[in-house]
$ cat start.cif   # mmCIF, C-alpha atoms
data_protein
loop_
_atom_site.group_PDB
_atom_site.id
_atom_site.type_symbol
_atom_site.label_atom_id
_atom_site.label_comp_id
_atom_site.auth_asym_id
_atom_site.auth_seq_id
_atom_site.Cartn_x
_atom_site.Cartn_y
_atom_site.Cartn_z
ATOM 1 C CA MET A 1 86.597 119.447 67.714
ATOM 2 C CA THR A 2 88.052 117.357 64.978
ATOM 3 C CA GLY A 3 89.753 113.998 64.854
ATOM 4 C CA ASP A 4 89.871 110.619 63.184
ATOM 5 C CA LEU A 5 86.309 109.848 62.184
ATOM 6 C CA ASP A 6 86.909 106.121 61.983
ATOM 7 C CA ARG A 7 88.096 105.837 65.578
ATOM 8 C CA TYR A 8 84.946 106.594 67.488
ATOM 9 C CA ASP A 9 81.601 104.921 67.880
ATOM 10 C CA TYR A 10 78.783 106.963 66.483
ATOM 11 C CA LEU A 11 75.135 106.761 65.478
ATOM 12 C CA ASP A 12 73.675 108.399 62.398
ATOM 13 C CA GLY A 13 71.644 111.577 62.648
ATOM 14 C CA ASN A 14 68.348 109.707 62.892
ATOM 15 C CA ALA A 15 69.220 109.098 66.545
ATOM 16 C CA ALA A 16 68.480 112.803 67.098
ATOM 17 C CA ALA A 17 64.914 112.510 65.770
ATOM 18 C CA GLY A 18 63.198 112.545 69.172
ATOM 19 C CA PRO A 19 64.711 115.708 70.653
ATOM 20 C CA LEU A 20 64.568 117.583 67.334
ATOM 21 C CA SER A 21 60.928 116.671 66.608
ATOM 22 C CA GLU A 22 60.082 118.207 69.982
ATOM 23 C CA ILE A 23 61.136 121.684 68.837
ATOM 24 C CA PHE A 24 60.819 121.683 65.018
ATOM 25 C CA ALA A 25 57.469 121.503 63.234
ATOM 26 C CA ILE A 26 59.064 119.809 60.233
ATOM 27 C CA ASP A 27 61.536 116.951 59.898
ATOM 28 C CA VAL A 28 64.954 118.578 60.151
ATOM 29 C CA LEU A 29 66.765 115.284 59.547
ATOM 30 C CA SER A 30 65.443 115.055 55.988
ATOM 31 C CA ALA A 31 66.621 118.605 55.317
ATOM 32 C CA ARG A 32 69.897 119.216 53.500
ATOM 33 C CA GLY A 33 72.486 121.044 55.546
ATOM 34 C CA ARG A 34 75.834 122.537 54.586
ATOM 35 C CA CYS A 35 78.779 122.233 56.937
ATOM 36 C CA ALA A 36 80.161 125.700 57.691
ATOM 37 C CA ALA A 37 83.650 124.214 58.073
ATOM 38 C CA CYS A 38 84.126 122.062 54.958
ATOM 39 C CA GLY A 39 81.119 122.880 52.780
ATOM 40 C CA ARG A 40 79.826 119.325 52.528
ATOM 41 C CA THR A 41 76.082 119.389 51.844
ATOM 42 C CA ASP A 42 73.977 116.369 52.661
ATOM 43 C CA ALA A 43 70.853 115.208 54.461
ATOM 44 C CA MET A 44 71.071 115.945 58.171
ATOM 45 C CA ALA A 45 70.271 112.284 58.820
ATOM 46 C CA THR A 46 73.747 111.408 57.510
ATOM 47 C CA ALA A 47 75.368 113.428 60.311
ATOM 48 C CA ARG A 48 77.095 111.563 63.128
ATOM 49 C CA LEU A 49 76.040 111.514 66.752
ATOM 50 C CA LEU A 50 78.014 110.259 69.718
ATOM 51 C CA PRO A 51 75.566 108.519 72.042
ATOM 52 C CA HIS A 52 77.414 109.365 75.271
ATOM 53 C CA SER A 53 77.716 113.120 75.427
ATOM 54 C CA HIS A 54 76.588 115.859 77.818
ATOM 55 C CA GLY A 55 74.332 117.233 75.087
ATOM 56 C CA LEU A 56 73.119 116.265 71.645
ATOM 57 C CA LEU A 57 75.783 116.948 69.006
ATOM 58 C CA LEU A 58 75.494 116.297 65.283
ATOM 59 C CA ARG A 59 78.837 116.214 63.500
ATOM 60 C CA CYS A 60 79.697 116.461 59.805
ATOM 61 C CA PRO A 61 80.376 112.998 58.331
ATOM 62 C CA GLY A 62 83.103 114.542 56.189
ATOM 63 C CA CYS A 63 85.241 116.587 58.579
ATOM 64 C CA SER A 64 83.648 115.862 62.012
ATOM 65 C CA ALA A 65 83.000 119.554 62.718
ATOM 66 C CA ILE A 66 79.940 120.225 64.846
ATOM 67 C CA LEU A 67 76.812 121.062 62.817
ATOM 68 C CA LEU A 68 74.273 121.310 65.626
ATOM 69 C CA ARG A 69 74.337 121.405 69.433
ATOM 70 C CA LEU A 70 71.272 120.911 71.585
ATOM 71 C CA VAL A 71 71.178 121.004 75.383
ATOM 72 C CA ASP A 72 67.926 120.407 77.259
ATOM 73 C CA THR A 73 68.195 122.210 80.598
ATOM 74 C CA GLY A 74 64.779 121.082 81.724
ATOM 75 C CA HIS A 75 63.211 124.537 81.660
ATOM 76 C CA SER A 76 64.608 125.420 78.216
ATOM 77 C CA VAL A 77 66.252 123.959 75.137
ATOM 78 C CA CYS A 78 69.495 125.600 73.962
ATOM 79 C CA LEU A 79 70.182 125.172 70.257
ATOM 80 C CA ASP A 80 73.400 126.184 68.492
ATOM 81 C CA LEU A 81 73.335 126.048 64.687
ATOM 82 C CA HIS A 82 76.471 128.043 63.921
ATOM 83 C CA GLY A 83 78.096 124.981 62.341
ATOM 84 C CA LEU A 84 75.536 125.081 59.537
ATOM 85 C CA SER A 85 75.954 127.682 56.799
ATOM 86 C CA PHE A 86 72.815 126.555 54.984
ATOM 87 C CA LEU A 87 69.739 124.432 55.669
ATOM 88 C CA GLU A 88 67.173 123.481 53.029
ATOM 89 C CA LEU A 89 63.827 122.617 54.604
ATOM 90 C CA ARG A 90 61.495 121.068 52.047
ATOM 91 C CA ARG A 91 57.720 121.292 52.215
ATOM 92 C CA GLN A 92 55.910 117.990 52.010
ATOM 93 C CA GLN A 93 54.548 117.187 48.537
ATOM 94 C CA ASN A 94 51.033 115.900 49.146
ATOM 95 C CA GLY A 95 47.469 116.917 48.467
ATOM 96 C CA SER A 96 46.875 118.244 51.922
ATOM 97 C CA GLN A 97 49.239 121.173 51.436
ATOM 98 C CA PRO A 98 47.731 124.513 50.436
ATOM 99 C CA ASN A 99 48.507 125.788 46.955
ATOM 100 C CA PRO A 100 51.378 128.277 46.748
ATOM 101 C CA PRO A 101 50.287 131.886 46.431
ATOM 102 C CA GLN A 102 49.482 132.928 42.862
ATOM 103 C CA PRO A 103 50.476 136.246 41.315
ATOM 104 C CA THR A 104 47.553 138.630 40.961
ATOM 105 C CA MET B 1 55.902 105.024 108.175
ATOM 106 C CA GLY B 2 54.192 106.665 105.224
ATOM 107 C CA ILE B 3 51.529 105.041 103.122
ATOM 108 C CA VAL B 4 53.511 105.463 99.920
ATOM 109 C CA SER B 5 56.850 103.700 99.688
ATOM 110 C CA PRO B 6 59.661 105.901 98.416
ATOM 111 C CA GLY B 7 60.654 103.001 96.156
ATOM 112 C CA PHE B 8 64.143 102.195 94.964
ATOM 113 C CA PHE B 9 66.125 104.909 93.236
ATOM 114 C CA GLY B 10 69.608 103.544 93.694
ATOM 115 C CA ARG B 11 72.002 104.779 96.337
ATOM 116 C CA ARG B 12 71.179 108.444 96.678
ATOM 117 C CA ARG B 13 72.421 111.216 98.910
ATOM 118 C CA ARG B 14 70.053 110.281 101.702
ATOM 119 C CA ASP B 15 72.114 107.120 102.150
ATOM 120 C CA ASP B 16 75.539 108.644 101.630
ATOM 121 C CA PRO B 17 76.486 112.164 102.740
ATOM 122 C CA ALA B 18 79.340 112.133 100.212
ATOM 123 C CA LEU B 19 76.811 112.320 97.367
ATOM 124 C CA PRO B 20 75.720 115.831 96.303
ATOM 125 C CA PRO B 21 71.993 116.407 95.693
ATOM 126 C CA GLY B 22 70.561 114.640 92.655
ATOM 127 C CA GLN B 23 73.542 112.308 92.279
ATOM 128 C CA TYR B 24 73.686 108.511 92.349
ATOM 129 C CA LEU B 25 76.672 106.332 93.095
ATOM 130 C CA THR B 26 78.419 104.334 90.410
ATOM 131 C CA GLU B 27 81.278 101.864 90.712
ATOM 132 C CA SER B 28 82.089 101.995 86.999
ATOM 133 C CA PHE B 29 83.751 104.907 85.215
ATOM 134 C CA PRO B 30 81.371 106.046 82.451
ATOM 135 C CA VAL B 31 82.966 107.655 79.392
ATOM 136 C CA LEU B 32 81.261 110.798 78.128
ATOM 137 C CA SER B 33 82.668 112.381 75.025
ATOM 138 C CA ALA B 34 81.628 115.137 72.662
ATOM 139 C CA GLY B 35 83.777 113.966 69.772
ATOM 140 C CA PRO B 36 86.522 111.721 68.501
ATOM 141 C CA THR B 37 89.180 110.784 71.047
ATOM 142 C CA PRO B 38 92.466 112.603 70.317
ATOM 143 C CA ARG B 39 95.533 110.346 70.354
ATOM 144 C CA ILE B 40 98.450 112.446 71.586
ATOM 145 C CA GLY B 41 101.891 110.884 71.904
ATOM 146 C CA PRO B 42 104.499 112.035 74.462
ATOM 147 C CA ASP B 43 106.641 113.554 71.717
ATOM 148 C CA GLU B 44 103.929 115.938 70.584
ATOM 149 C CA TRP B 45 102.327 116.616 73.983
ATOM 150 C CA GLU B 46 102.955 119.898 75.723
ATOM 151 C CA PHE B 47 101.208 121.924 78.380
ATOM 152 C CA THR B 48 101.165 125.703 78.399
ATOM 153 C CA ILE B 49 99.982 128.527 80.635
ATOM 154 C CA THR B 50 99.453 131.753 78.718
ATOM 155 C CA THR B 51 99.191 135.026 80.630
ATOM 156 C CA GLU B 52 97.314 138.200 79.710
ATOM 157 C CA THR B 53 100.560 139.712 78.386
ATOM 158 C CA GLY B 54 101.026 136.827 75.975
ATOM 159 C CA GLN B 55 103.842 135.225 77.966
ATOM 160 C CA VAL B 56 103.749 131.466 77.462
ATOM 161 C CA HIS B 57 104.999 129.012 80.104
ATOM 162 C CA ARG B 58 105.606 125.672 78.441
ATOM 163 C CA TRP B 59 106.294 122.123 79.647
ATOM 164 C CA SER B 60 107.175 119.129 77.506
ATOM 165 C CA TRP B 61 106.037 115.667 78.634
ATOM 166 C CA ASP B 62 109.441 114.929 80.206
ATOM 167 C CA GLU B 63 109.582 118.324 81.917
ATOM 168 C CA PHE B 64 106.050 117.788 83.230
ATOM 169 C CA LEU B 65 106.906 114.361 84.669
ATOM 170 C CA ALA B 66 110.031 115.809 86.317
ATOM 171 C CA LEU B 67 107.888 118.185 88.421
ATOM 172 C CA PRO B 68 106.856 117.151 91.968
ATOM 173 C CA GLN B 69 104.109 114.534 91.697
ATOM 174 C CA GLU B 70 101.132 114.162 94.032
ATOM 175 C CA ASP B 71 98.876 111.190 94.701
ATOM 176 C CA VAL B 72 95.342 112.296 95.468
ATOM 177 C CA THR B 73 92.088 110.558 96.344
ATOM 178 C CA GLU B 74 88.982 112.499 95.377
ATOM 179 C CA ASP B 75 85.248 112.065 94.795
ATOM 180 C CA ILE B 76 84.109 113.049 91.292
ATOM 181 C CA HIS B 77 80.634 114.160 90.238
ATOM 182 C CA CYS B 78 79.350 114.175 86.658
ATOM 183 C CA VAL B 79 76.583 116.591 85.653
ATOM 184 C CA THR B 80 74.722 113.636 84.117
ATOM 185 C CA SER B 81 74.121 112.562 87.756
ATOM 186 C CA TRP B 82 76.676 109.848 88.443
ATOM 187 C CA SER B 83 79.239 110.197 91.188
ATOM 188 C CA LYS B 84 82.271 108.027 91.836
ATOM 189 C CA LEU B 85 83.807 108.151 95.285
ATOM 190 C CA GLY B 86 87.411 107.700 96.348
ATOM 191 C CA THR B 87 89.021 107.853 92.912
ATOM 192 C CA THR B 88 92.825 107.826 92.951
ATOM 193 C CA TRP B 89 94.951 109.991 90.668
ATOM 194 C CA ARG B 90 98.583 110.978 90.218
ATOM 195 C CA GLY B 91 99.629 114.252 88.741
ATOM 196 C CA VAL B 92 101.060 117.718 89.195
ATOM 197 C CA SER B 93 99.348 120.310 91.351
ATOM 198 C CA LEU B 94 98.344 123.514 89.572
ATOM 199 C CA ASP B 95 100.027 125.297 92.493
ATOM 200 C CA THR B 96 103.325 123.882 91.224
ATOM 201 C CA LEU B 97 102.654 124.870 87.623
ATOM 202 C CA PHE B 98 101.624 128.426 88.586
ATOM 203 C CA GLU B 99 104.695 129.012 90.808
ATOM 204 C CA SER B 100 106.538 130.875 88.070
ATOM 205 C CA VAL B 101 103.468 132.550 86.537
ATOM 206 C CA GLU B 102 102.721 136.209 87.200
ATOM 207 C CA SER B 103 99.218 137.392 86.402
ATOM 208 C CA ASP B 104 96.514 139.754 87.645
ATOM 209 C CA CYS B 105 93.738 137.697 86.052
ATOM 210 C CA GLU B 106 91.028 135.952 88.046
ATOM 211 C CA PHE B 107 89.729 133.596 85.365
ATOM 212 C CA THR B 108 91.077 130.869 83.120
ATOM 213 C CA MET B 109 90.034 128.978 80.042
ATOM 214 C CA ALA B 110 91.224 125.384 79.738
ATOM 215 C CA HIS B 111 92.019 124.314 76.181
ATOM 216 C CA SER B 112 92.194 120.683 75.088
ATOM 217 C CA TYR B 113 93.618 118.770 72.168
ATOM 218 C CA GLY B 114 90.607 118.322 69.883
ATOM 219 C CA GLY B 115 89.266 121.820 70.553
ATOM 220 C CA TYR B 116 87.269 121.436 73.784
ATOM 221 C CA THR B 117 87.283 124.385 76.167
ATOM 222 C CA THR B 118 85.940 125.009 79.667
ATOM 223 C CA ASN B 119 86.202 128.023 81.973
ATOM 224 C CA VAL B 120 87.388 127.799 85.587
ATOM 225 C CA PRO B 121 88.118 130.667 88.000
ATOM 226 C CA LEU B 122 91.819 130.794 88.890
ATOM 227 C CA GLU B 123 91.119 130.502 92.624
ATOM 228 C CA ASP B 124 89.480 127.123 91.948
ATOM 229 C CA LEU B 125 92.720 125.855 90.423
ATOM 230 C CA LEU B 126 94.969 126.928 93.308
ATOM 231 C CA GLY B 127 95.240 126.045 96.994
ATOM 232 C CA GLY B 128 95.526 122.275 96.547
ATOM 233 C CA LYS B 129 92.219 121.999 94.677
ATOM 234 C CA ALA B 130 93.288 121.040 91.144
ATOM 235 C CA TRP B 131 95.852 118.978 89.255
ATOM 236 C CA ILE B 132 96.999 117.965 85.807
ATOM 237 C CA ALA B 133 96.535 114.212 86.224
ATOM 238 C CA HIS B 134 98.265 111.574 84.122
ATOM 239 C CA GLU B 135 97.509 108.408 86.109
ATOM 240 C CA PHE B 136 94.210 106.952 87.252
ATOM 241 C CA ASP B 137 93.942 104.033 89.659
ATOM 242 C CA GLY B 138 97.667 103.326 89.432
ATOM 243 C CA ALA B 139 97.915 103.167 85.644
ATOM 244 C CA ALA B 140 98.566 105.616 82.824
ATOM 245 C CA LEU B 141 95.426 107.601 82.056
ATOM 246 C CA GLU B 142 93.708 106.001 79.061
ATOM 247 C CA PRO B 143 92.835 108.226 76.080
ATOM 248 C CA GLU B 144 89.106 107.596 76.602
ATOM 249 C CA HIS B 145 89.417 109.168 80.063
ATOM 250 C CA GLY B 146 91.518 112.090 78.848
ATOM 251 C CA GLY B 147 95.023 110.655 78.613
ATOM 252 C CA PRO B 148 97.812 111.398 78.356
ATOM 253 C CA ALA B 149 96.754 114.095 80.839
ATOM 254 C CA ARG B 150 93.566 115.806 81.959
ATOM 255 C CA LEU B 151 92.637 118.666 84.211
ATOM 256 C CA LEU B 152 91.296 117.432 87.554
ATOM 257 C CA VAL B 153 89.065 119.895 89.442
ATOM 258 C CA PRO B 154 87.061 117.457 91.570
ATOM 259 C CA HIS B 155 85.087 120.020 93.591
ATOM 260 C CA LEU B 156 83.289 121.119 90.388
ATOM 261 C CA TYR B 157 81.150 119.009 88.037
ATOM 262 C CA PHE B 158 83.429 116.776 86.021
ATOM 263 C CA TRP B 159 82.909 118.535 82.657
ATOM 264 C CA LYS B 160 85.243 121.181 84.119
ATOM 265 C CA SER B 161 87.999 118.546 84.420
ATOM 266 C CA ALA B 162 88.927 118.893 80.769
ATOM 267 C CA LYS B 163 90.172 115.725 79.082
ATOM 268 C CA TRP B 164 93.268 115.925 76.843
ATOM 269 C CA VAL B 165 94.170 119.297 78.347
ATOM 270 C CA ARG B 166 96.909 121.165 76.522
ATOM 271 C CA GLY B 167 96.869 124.545 78.223
ATOM 272 C CA LEU B 168 95.363 127.224 80.409
ATOM 273 C CA GLU B 169 94.728 130.741 79.199
ATOM 274 C CA LEU B 170 94.474 133.476 81.821
ATOM 275 C CA LEU B 171 91.520 135.812 81.302
ATOM 276 C CA ARG B 172 90.643 139.173 82.818
ATOM 277 C CA GLN B 173 86.920 138.385 82.534
ATOM 278 C CA ASP B 174 85.036 135.123 82.760
ATOM 279 C CA GLU B 175 84.081 133.676 79.372
ATOM 280 C CA PRO B 176 82.000 130.569 78.605
ATOM 281 C CA GLY B 177 83.676 127.432 77.310
ATOM 282 C CA PHE B 178 82.261 124.758 75.006
ATOM 283 C CA TRP B 179 79.326 123.581 77.120
ATOM 284 C CA GLU B 180 78.939 126.794 79.111
ATOM 285 C CA SER B 181 78.086 128.654 75.884
ATOM 286 C CA ASN B 182 75.115 126.395 75.223
ATOM 287 C CA GLY B 183 73.210 125.791 78.430
ATOM 288 C CA TYR B 184 75.653 124.567 81.050
ATOM 289 C CA HIS B 185 76.415 126.584 84.185
ATOM 290 C CA MET B 186 79.383 128.958 84.221
ATOM 291 C CA TYR B 187 80.663 127.620 87.568
ATOM 292 C CA GLY B 188 79.247 124.110 88.135
ATOM 293 C CA ASP B 189 79.211 123.492 91.900
ATOM 294 C CA PRO B 190 77.690 120.001 92.415
ATOM 295 C CA TRP B 191 76.677 120.790 96.019
ATOM 296 C CA ARG B 192 74.505 123.651 94.737
ATOM 297 C CA GLU B 193 73.313 121.653 91.692
ATOM 298 C CA GLU B 194 74.691 124.267 89.294
ATOM 299 C CA ARG B 195 74.056 122.153 86.203
ATOM 300 C CA TYR B 196 72.515 124.651 83.775
ATOM 301 C CA TRP B 197 72.045 128.399 83.236
#

$ encode --input "start.cif" --output "structure tokens"
Amino acid sequence: MTGDLDRYDYLDGNAAAGPLSEIFAIDVLSARGRCAACGRTDAMATARLLPHSHGLLLRCPGCSAILLRLVDTGHSVCLDLHGLSFLELRRQQNGSQPNPPQPT
Amino acid sequence: MGIVSPGFFGRRRRDDPALPPGQYLTESFPVLSAGPTPRIGPDEWEFTITTETGQVHRWSWDEFLALPQEDVTEDIHCVTSWSKLGTTWRGVSLDTLFESVESDCEFTMAHSYGGYTTNVPLEDLLGGKAWIAHEFDGAALEPEHGGPARLLVPHLYFWKSAKWVRGLELLRQDEPGFWESNGYHMYGDPWREERYW
């Protein structure tokens, strides 16, 4: 669905942190995602979320196309990522991370 | 009397036989929306029924308003658990719109301005069970509630009553719509609590 982005009330993608942290081991909202519709690439936290929807939807802040759909049915979580053509998930840079494998 | 009080959970079905299981009564009219609200003027609005042969039946806003109008009072049930009883609508019965349509299909897909879709079996649209509604509570249907016109199929969960409807596509086989493709039930009978897959 598309429309006039300035004419609806939305939250930023951080509002999706709770449901997403339940199923992803890393912080998806700090990842960079590319909109499959318009190609805009930005942090997922910049996506837009309508607070009153049947399911969790993150929309592109550029063209309002849907990037991510999540529906919690109670016994399962349904996740649709077809609106993302690319997602860059960065490893945390701290001392607790193991060293990358070295060539032998 | 039991030792443990059932507590207060709002007005549930136990108190009102008009409420399906798991529903609570609301007096307000909550707005649920998956995206920006389309603003469709009468000049650009049209409603179509497209058959399996590709034949398109088309009504402009004026042609739609010239059809026989019905005033209906119906209970509506949202999958998010609120129900609103005795809502009043004005619109055109799908029986009227399908009078001139010939098809062997048993299923339909409703398409909305803005891209939303939802699937409804044809038999659930006929027999005085569904309308294209353009008034709510005696006033023009507001865009936030699906105006200028929405599908009204009150015996199914309200996500099937597509806001901003622009057409029905007849299908030989049932196919999932927007929510049905990601967790929501293909049929959505509130009395059987058909919320999810």

$ closest_atom_pairs --input "start.cif" --of "chain A" --to "chain B" --cutoff "12 Å" --atoms "only C-alpha atoms" --output "JSON lines"
{"residue": "A:Met1", "atom": "CA", "partner": "B:Gly115", "partner_atom": "CA", "distance": 4.6}
{"residue": "A:Thr2", "atom": "CA", "partner": "B:Gly114", "partner_atom": "CA", "distance": 5.6}
{"residue": "A:Gly3", "atom": "CA", "partner": "B:Pro36", "partner_atom": "CA", "distance": 5.4}
{"residue": "A:Asp4", "atom": "CA", "partner": "B:Pro36", "partner_atom": "CA", "distance": 6.4}
{"residue": "A:Leu5", "atom": "CA", "partner": "B:Pro36", "partner_atom": "CA", "distance": 6.6}
{"residue": "A:Asp6", "atom": "CA", "partner": "B:Pro36", "partner_atom": "CA", "distance": 8.6}
{"residue": "A:Arg7", "atom": "CA", "partner": "B:Pro36", "partner_atom": "CA", "distance": 6.8}
{"residue": "A:Tyr8", "atom": "CA", "partner": "B:Pro36", "partner_atom": "CA", "distance": 5.5}
{"residue": "A:Asp9", "atom": "CA", "partner": "B:Pro36", "partner_atom": "CA", "distance": 8.4}
{"residue": "A:Tyr10", "atom": "CA", "partner": "B:Gly35", "partner_atom": "CA", "distance": 9.2}
{"residue": "A:Arg48", "atom": "CA", "partner": "B:Gly35", "partner_atom": "CA", "distance": 9.7}
{"residue": "A:Leu49", "atom": "CA", "partner": "B:Gly35", "partner_atom": "CA", "distance": 8.7}
{"residue": "A:Leu50", "atom": "CA", "partner": "B:Ala34", "partner_atom": "CA", "distance": 6.7}
{"residue": "A:Pro51", "atom": "CA", "partner": "B:Ser33", "partner_atom": "CA", "distance": 8.6}
{"residue": "A:His52", "atom": "CA", "partner": "B:Leu32", "partner_atom": "CA", "distance": 5.0}
{"residue": "A:Ser53", "atom": "CA", "partner": "B:Ser33", "partner_atom": "CA", "distance": 5.0}
{"residue": "A:His54", "atom": "CA", "partner": "B:Leu32", "partner_atom": "CA", "distance": 6.9}
{"residue": "A:Gly55", "atom": "CA", "partner": "B:Ala34", "partner_atom": "CA", "distance": 8.0}
{"residue": "A:Leu56", "atom": "CA", "partner": "B:Ala34", "partner_atom": "CA", "distance": 8.6}
{"residue": "A:Leu57", "atom": "CA", "partner": "B:Ala34", "partner_atom": "CA", "distance": 7.1}
{"residue": "A:Leu58", "atom": "CA", "partner": "B:Ala34", "partner_atom": "CA", "distance": 9.7}
{"residue": "A:Arg59", "atom": "CA", "partner": "B:Gly35", "partner_atom": "CA", "distance": 8.3}
{"residue": "A:Cys60", "atom": "CA", "partner": "B:Gly35", "partner_atom": "CA", "distance": 11.1}
{"residue": "A:Pro61", "atom": "CA", "partner": "B:Pro36", "partner_atom": "CA", "distance": 12.0}
{"residue": "A:Cys63", "atom": "CA", "partner": "B:Pro36", "partner_atom": "CA", "distance": 11.1}
{"residue": "A:Ser64", "atom": "CA", "partner": "B:Gly35", "partner_atom": "CA", "distance": 8.0}
{"residue": "A:Ala65", "atom": "CA", "partner": "B:Gly35", "partner_atom": "CA", "distance": 9.0}
{"residue": "A:Ile66", "atom": "CA", "partner": "B:Gly35", "partner_atom": "CA", "distance": 8.8}
{"residue": "A:Leu68", "atom": "CA", "partner": "B:Asn182", "partner_atom": "CA", "distance": 10.9}
{"residue": "A:Arg69", "atom": "CA", "partner": "B:Asn182", "partner_atom": "CA", "distance": 7.7}
{"residue": "A:Leu70", "atom": "CA", "partner": "B:Asn182", "partner_atom": "CA", "distance": 7.6}
{"residue": "A:Val71", "atom": "CA", "partner": "B:Gly183", "partner_atom": "CA", "distance": 6.0}
{"residue": "A:Asp72", "atom": "CA", "partner": "B:Gly183", "partner_atom": "CA", "distance": 7.6}
{"residue": "A:Thr73", "atom": "CA", "partner": "B:Tyr196", "partner_atom": "CA", "distance": 5.9}
{"residue": "A:Gly74", "atom": "CA", "partner": "B:Tyr196", "partner_atom": "CA", "distance": 8.8}
{"residue": "A:His75", "atom": "CA", "partner": "B:Tyr196", "partner_atom": "CA", "distance": 9.5}
{"residue": "A:Ser76", "atom": "CA", "partner": "B:Gly183", "partner_atom": "CA", "distance": 8.6}
{"residue": "A:Val77", "atom": "CA", "partner": "B:Gly183", "partner_atom": "CA", "distance": 7.9}
{"residue": "A:Cys78", "atom": "CA", "partner": "B:Gly183", "partner_atom": "CA", "distance": 5.8}
{"residue": "A:Leu79", "atom": "CA", "partner": "B:Asn182", "partner_atom": "CA", "distance": 7.1}
{"residue": "A:Asp80", "atom": "CA", "partner": "B:Asn182", "partner_atom": "CA", "distance": 6.9}
{"residue": "A:Leu81", "atom": "CA", "partner": "B:Asn182", "partner_atom": "CA", "distance": 10.7}
{"residue": "A:His82", "atom": "CA", "partner": "B:Asn182", "partner_atom": "CA", "distance": 11.5}

$ write_last_selection --input "start.cif" --atoms "C-alpha atoms" --output "mmCIF file, in the frame of the given file"
data_model
loop_
_atom_site.group_PDB
_atom_site.id
_atom_site.type_symbol
_atom_site.label_atom_id
_atom_site.label_comp_id
_atom_site.auth_asym_id
_atom_site.auth_seq_id
_atom_site.Cartn_x
_atom_site.Cartn_y
_atom_site.Cartn_z
ATOM 1 C CA MET A 1 86.597 119.447 67.714
ATOM 2 C CA THR A 2 88.052 117.357 64.978
ATOM 3 C CA GLY A 3 89.753 113.998 64.854
ATOM 4 C CA ASP A 4 89.871 110.619 63.184
ATOM 5 C CA LEU A 5 86.309 109.848 62.184
ATOM 6 C CA ASP A 6 86.909 106.121 61.983
ATOM 7 C CA ARG A 7 88.096 105.837 65.578
ATOM 8 C CA TYR A 8 84.946 106.594 67.488
ATOM 9 C CA ASP A 9 81.601 104.921 67.880
ATOM 10 C CA TYR A 10 78.783 106.963 66.483
ATOM 11 C CA ARG A 48 77.095 111.563 63.128
ATOM 12 C CA LEU A 49 76.040 111.514 66.752
ATOM 13 C CA LEU A 50 78.014 110.259 69.718
ATOM 14 C CA PRO A 51 75.566 108.519 72.042
ATOM 15 C CA HIS A 52 77.414 109.365 75.271
ATOM 16 C CA SER A 53 77.716 113.120 75.427
ATOM 17 C CA HIS A 54 76.588 115.859 77.818
ATOM 18 C CA GLY A 55 74.332 117.233 75.087
ATOM 19 C CA LEU A 56 73.119 116.265 71.645
ATOM 20 C CA LEU A 57 75.783 116.948 69.006
ATOM 21 C CA LEU A 58 75.494 116.297 65.283
ATOM 22 C CA ARG A 59 78.837 116.214 63.500
ATOM 23 C CA CYS A 60 79.697 116.461 59.805
ATOM 24 C CA PRO A 61 80.376 112.998 58.331
ATOM 25 C CA CYS A 63 85.241 116.587 58.579
ATOM 26 C CA SER A 64 83.648 115.862 62.012
ATOM 27 C CA ALA A 65 83.000 119.554 62.718
ATOM 28 C CA ILE A 66 79.940 120.225 64.846
ATOM 29 C CA LEU A 68 74.273 121.310 65.626
ATOM 30 C CA ARG A 69 74.337 121.405 69.433
ATOM 31 C CA LEU A 70 71.272 120.911 71.585
ATOM 32 C CA VAL A 71 71.178 121.004 75.383
ATOM 33 C CA ASP A 72 67.926 120.407 77.259
ATOM 34 C CA THR A 73 68.195 122.210 80.598
ATOM 35 C CA GLY A 74 64.779 121.082 81.724
ATOM 36 C CA HIS A 75 63.211 124.537 81.660
ATOM 37 C CA SER A 76 64.608 125.420 78.216
ATOM 38 C CA VAL A 77 66.252 123.959 75.137
ATOM 39 C CA CYS A 78 69.495 125.600 73.962
ATOM 40 C CA LEU A 79 70.182 125.172 70.257
ATOM 41 C CA ASP A 80 73.400 126.184 68.492
ATOM 42 C CA LEU A 81 73.335 126.048 64.687
ATOM 43 C CA HIS A 82 76.471 128.043 63.921
#

$ residues_around --input "start.cif" --residues "His134 in chain B" --least-positions-apart "2" --cutoff "12 Å" --atoms "only C-alpha atoms" --output "JSON, numbers by chain"
{"B": [42, 61, 64, 65, 69, 70, 71, 72, 88, 89, 90, 91, 92, 93, 131, 132, 136, 137, 138, 139, 140, 141, 142, 143, 145, 146, 147, 148, 149, 150, 151, 152, 163, 164, 165]}

$ resolve_selection --input "start.cif" --expression "the PyMOL selection byres ((chain B and resi 174) around 9)" --output "number ranges by chain"
B: 106-109, 119-121, 171-173, 175-176, 186

$ residues_around --input "start.cif" --residues "Leu87 in chain A" --least-positions-apart "2" --cutoff "12 Å" --atoms "only C-alpha atoms" --output "NGL selection string"
:A and (27-36 or 39-44 or 67-68 or 81-85 or 89-90)

$ atom_distance --input "start.cif" --atom1 "CA of Leu94 in chain B" --atom2 "CA of Thr26 in chain B"
27.7 Å

$ atom_distance --input "start.cif" --atom1 "CA of Thr96 in chain B" --atom2 "CA of Thr118 in chain B"
20.9 Å

$ resolve_selection --input "start.cif" --expression "the PyMOL selection byres ((chain B and resi 192) around 12)" --output "VMD selection string"
chain B and resid 19 to 23 79 155 to 157 185 187 to 191 193 to 196

$ closest_residue --input "start.cif" --among "B:Phe29, B:Tyr24, B:Phe98, B:Trp59" --to "Gly128 in chain B" --atoms "all atoms listed in the file"
B:Phe98

$ atom_distance --input "start.cif" --atom1 "CA of Gln92 in chain A" --atom2 "CA of Ile26 in chain A"
9.0 Å

$ closest_residue --input "start.cif" --among "B:Ser81, B:Asp62, B:Gly54, B:Val101" --to "Gly41 in chain B" --atoms "all atoms listed in the file"
B:Asp62
